[in-house]
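> Quick one: the structure is below, and I'll ask about it shortly.
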Amino acid sequence: MIKLDARNLSCPEPLLMLKNAIKKNKQGEDICLLLSSQNALENCKRFAEKAGYTVSVAEAEYGYQLVMKI
Amino acid sequence: MKSFIKNNWAYILSGVAIGLVAFALTLLGNPANMGFCIACFLRDISGSLGFHGAKVVQYVRPEIIGIVMGAFAISLLKRDFKPTAGSAPALRFVLGAMVMIGALAFLGCPLRMVLRIGGGDLNAIIALLGFIAGIGVGVIFLNNGFSLGRSYDQPKAEGVVAPVISLVLLFVVIFFPALLLFSESGPGSMHAPIWAALVAGLIVGIIGQRTRVCFAGGIRDAMMFKQFHMVWCLLSIIITTLVANLIKANITGTPMSFSFDGQPVAHSDHIWSVVGLFIVGLASVFLGGCPFRQLVLAGSGSGDSMVTVLGMIVGAALSHNLGLAGAAANATSAGGVSDTGSIVLIVCVVFLFIVGICCRRKA
């Protein structure tokens, strides 16, 4: 699983981090992304779903944990 | 078409609402094509507090208070209020000041740029090219690892600084106006009634917080991620104000003017308008949002955005005290940016490139 920590980063760094990870993910590994804001959650979820991933979201003390599977 | 509307209706409607509210404010007394202007309004507040001595631009704009309070209220209600700070605050302060210096050279923030385009001001279309170019350069830096670093969770007291200051300002305006300076002529003296302006700000602040409207972010995301929803929001603001202005022209019998000359609170010093908005675009990408977005984030708990707003207020004071701001054209003068202003704009561009090169994310 690819793990990304994008908590407390300014816009659009979380989305850019995810975009780069998806680009490199030729093996189709699951991606786990930690986020701290609703804004980043909406953007990243929309982007991953458009890229063909199934996204599950869990709320955490710090914000959100997204697990993306293809 | 169906899926386009399904995916973008909230952004298009937000744009229509912002355009209508802005237009209504001009009918109620705000200067023409200035229903909202985050840069101009923060500059007016800066003047009203005595930070600068430009007597024609001094007023505590309730729209700014409303935007912050609207964003604050809705972020609390939607559990989106999050006190954070600590991501390069001093640099953000300086970048905020530069955003303001760039915006005041052009005579407007990106929101006013959009409203000016909708009002038939062709100068704003030229300046838009500079804004897009600045964002494009910012995207190149982002793709090469630009970052101002992480912020950190903070106590609630840090997150409520912007709403509390806004409330204090509102209290002083209502009960102790003698403490503040108010323009007796010029754009600062032209304003909608205080409650109308406050409600307008609240509405736009709520919309901005929920739909994340950002004028720099919209163009940036279209370039970086091929996500266009915010671009539709910008276009719907332009179309709404354009249609509203055309209807007004039809009713009043005064034809709308699509021109470079004779536009309200504007000049045709194109080179420096382009450079000014280039600075706004590039610095806004570095900051993670345009001036409007910074206000909304400040209301949602971001201490970093509040520091940026304070930087903008100081930048406004510098702009006017040092004669850097663009002068609006009038019957006797073509207006434009002074030689000193031009030099400072170039210095800002150089500074921004240095910041872009120096601030890279650690691998």
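Letters A, B, ... go to the chains of the structure tokens in the order shown; residues in each chain start at 1; ligands are counted from 1 in the same order.
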I need the strand (DSSP E) residues of chain A per DSSP on the backbone, written as a list in words.
Ile2, Lys3, Leu4, Asp5, Ile31, Cys32, Leu33, Leu34, Leu35, Thr54, Val55, Ser56, Val57, Ala58, Glu59, Ala60, Gly63, Tyr64, Gln65, Leu66, Val67, Met68 and Lys69 of chain A
> Residues of chain B near chain A: apply a cut-off of 6 Å, count only C-alpha atoms, and supply the list as an MDAnalysis selection string.
chainID B and resid 150:151 288
> Keeping all heavy atoms, export the residues of the selection given above as a CSV table (one decimal), in the first residue's frame.

chain,number,residue,atom,x,y,z
B,150,ARG,N,4.1,22.6,6.2
B,150,ARG,CA,2.8,22.3,6.9
B,150,ARG,C,2.5,23.3,8.0
B,150,ARG,O,3.4,24.0,8.5
B,150,ARG,CB,3.0,20.9,7.6
B,150,ARG,CG,3.0,19.7,6.8
B,150,ARG,CD,3.2,18.5,7.6
B,150,ARG,NE,3.7,17.4,6.8
B,150,ARG,CZ,3.0,16.6,6.0
B,150,ARG,NH1,1.7,16.7,6.0
B,150,ARG,NH2,3.6,15.6,5.3
B,151,SER,N,1.2,23.4,8.2
B,151,SER,CA,0.7,24.2,9.4
B,151,SER,C,0.5,23.2,10.5
B,151,SER,O,0.7,22.0,10.3
B,151,SER,CB,-0.6,24.9,9.0
B,151,SER,OG,-1.6,24.0,8.7
B,288,GLY,N,-1.7,29.6,-1.6
B,288,GLY,CA,-2.7,28.6,-1.6
B,288,GLY,C,-4.1,29.2,-1.8
B,288,GLY,O,-5.1,28.5,-1.6
> Please list as a ChimeraX atom specification every residue within 12 Å of Asn25 of chain A, counting only C-alpha atoms and excluding residues in the same chain fewer than 6 positions away.
/A:1-3,18-19,31,51,53,68-70
> I want to know what sits within 7 Å of segment 304-319 of chain B, based on only C-alpha atoms, with residues of the same chain fewer than 6 positions away left out; could you give that as JSON, numbers by chain?
{"B": [42, 43, 46, 51, 52, 85, 86, 87, 89, 92, 93, 94, 96, 97, 98, 99, 100, 101, 162, 294, 295, 297, 298, 325]}
> Extract the full set of helix (DSSP H, G or I) residues from segment 67-100 of chain B according to DSSP on the backbone, and format it as a count of residues only.
23
> Mind giving me the straight-line distance from atom CA of Gly149 of chain B to atom CA of Ala88 of chain B in Å, one decimal?
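That distance, rounded to one decimal, is 6.9 Å.
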> Could you name the residues that touch Val274 of chain B at 12 Å or less, counting only C-alpha atoms, but leaving out those on the same chain fewer than 2 positions away, as a short mmCIF file (atom, residue, chain, number, x, y, z; two decimals) with N, CA and C atoms, in the first residue's frame?

data_model
loop_
_atom_site.label_atom_id
_atom_site.label_comp_id
_atom_site.auth_asym_id
_atom_site.auth_seq_id
_atom_site.Cartn_x
_atom_site.Cartn_y
_atom_site.Cartn_z
N GLY B 102 0.47 44.55 -5.82
CA GLY B 102 0.14 44.20 -7.20
C GLY B 102 -1.30 44.55 -7.54
N ALA B 103 -2.22 44.21 -6.63
CA ALA B 103 -3.64 44.45 -6.89
C ALA B 103 -3.93 45.95 -6.97
N LEU B 104 -3.30 46.74 -6.10
CA LEU B 104 -3.59 48.18 -6.10
C LEU B 104 -2.93 48.90 -7.28
N ALA B 105 -1.91 48.29 -7.88
CA ALA B 105 -1.36 48.87 -9.11
C ALA B 105 -2.41 48.77 -10.22
N PHE B 106 -3.07 47.61 -10.26
CA PHE B 106 -4.14 47.39 -11.27
C PHE B 106 -5.43 48.12 -10.89
N LEU B 107 -5.64 48.29 -9.61
CA LEU B 107 -6.87 48.83 -9.01
C LEU B 107 -7.94 47.74 -8.90
N GLY B 108 -7.56 46.64 -8.27
CA GLY B 108 -8.57 45.61 -8.00
C GLY B 108 -7.96 44.25 -7.75
N MET B 113 -11.51 42.26 -10.70
CA MET B 113 -11.14 42.08 -12.11
C MET B 113 -12.30 41.44 -12.87
N ASN B 123 -9.85 47.08 -19.95
CA ASN B 123 -8.53 47.06 -19.29
C ASN B 123 -8.36 45.79 -18.44
N ALA B 124 -9.48 45.35 -17.86
CA ALA B 124 -9.43 44.19 -16.97
C ALA B 124 -9.17 42.90 -17.76
N ILE B 125 -9.59 42.88 -19.03
CA ILE B 125 -9.34 41.68 -19.85
C ILE B 125 -7.83 41.56 -20.12
N ILE B 126 -7.19 42.70 -20.39
CA ILE B 126 -5.73 42.70 -20.60
C ILE B 126 -5.04 42.24 -19.31
N ALA B 127 -5.49 42.78 -18.17
CA ALA B 127 -4.85 42.44 -16.89
C ALA B 127 -5.05 40.96 -16.55
N LEU B 128 -6.17 40.40 -17.01
CA LEU B 128 -6.44 38.97 -16.77
C LEU B 128 -5.30 38.11 -17.34
N LEU B 129 -4.74 38.56 -18.47
CA LEU B 129 -3.62 37.80 -19.07
C LEU B 129 -2.45 37.72 -18.10
N GLY B 130 -2.18 38.82 -17.41
CA GLY B 130 -1.10 38.83 -16.41
C GLY B 130 -1.42 37.89 -15.26
N PHE B 131 -2.69 37.90 -14.83
CA PHE B 131 -3.12 37.03 -13.73
C PHE B 131 -2.92 35.56 -14.12
N ILE B 132 -3.36 35.21 -15.33
CA ILE B 132 -3.23 33.82 -15.80
C ILE B 132 -1.74 33.45 -15.91
N ALA B 133 -0.94 34.38 -16.42
CA ALA B 133 0.50 34.10 -16.56
C ALA B 133 1.14 33.86 -15.19
N GLY B 134 0.78 34.68 -14.22
CA GLY B 134 1.32 34.52 -12.87
C GLY B 134 0.95 33.16 -12.29
N HIS B 267 -7.54 52.53 -14.87
CA HIS B 267 -6.62 53.24 -15.77
C HIS B 267 -6.23 52.31 -16.90
N SER B 268 -5.56 52.85 -17.90
CA SER B 268 -5.19 52.03 -19.07
C SER B 268 -3.68 51.86 -19.16
N ASP B 269 -3.01 51.82 -18.02
CA ASP B 269 -1.56 51.60 -17.98
C ASP B 269 -1.34 50.08 -18.03
N HIS B 270 -1.52 49.51 -19.24
CA HIS B 270 -1.67 48.06 -19.37
C HIS B 270 -0.47 47.26 -18.86
N ILE B 271 0.73 47.74 -19.19
CA ILE B 271 1.91 46.96 -18.80
C ILE B 271 1.93 46.71 -17.30
N TRP B 272 1.67 47.79 -16.54
CA TRP B 272 1.78 47.64 -15.09
C TRP B 272 0.55 46.99 -14.48
N GLY B 276 1.09 43.84 -12.30
CA GLY B 276 0.43 43.84 -10.99
C GLY B 276 -0.34 42.55 -10.77
N LEU B 277 -1.13 42.16 -11.75
CA LEU B 277 -1.92 40.94 -11.56
C LEU B 277 -1.09 39.68 -11.76
N PHE B 278 0.04 39.80 -12.45
CA PHE B 278 0.99 38.67 -12.49
C PHE B 278 1.46 38.37 -11.06
N ILE B 279 1.79 39.44 -10.34
CA ILE B 279 2.23 39.30 -8.94
C ILE B 279 1.10 38.68 -8.10
N VAL B 280 -0.12 39.18 -8.29
CA VAL B 280 -1.26 38.64 -7.53
C VAL B 280 -1.44 37.15 -7.83
N GLY B 281 -1.35 36.78 -9.11
CA GLY B 281 -1.53 35.38 -9.50
C GLY B 281 -0.46 34.48 -8.91
N VAL B 337 0.40 53.92 -13.15
CA VAL B 337 1.34 53.59 -12.07
C VAL B 337 2.55 54.52 -12.16
N SER B 342 6.35 51.32 -10.47
CA SER B 342 6.84 50.36 -11.47
C SER B 342 8.07 49.63 -10.96
N LEU B 345 7.13 47.12 -8.33
CA LEU B 345 6.49 45.94 -8.93
C LEU B 345 7.54 44.98 -9.48
N ILE B 346 8.57 45.53 -10.11
CA ILE B 346 9.64 44.66 -10.64
C ILE B 346 10.37 43.96 -9.49
N VAL B 349 8.36 41.06 -8.36
CA VAL B 349 8.45 39.91 -9.27
C VAL B 349 9.74 39.14 -8.99
#
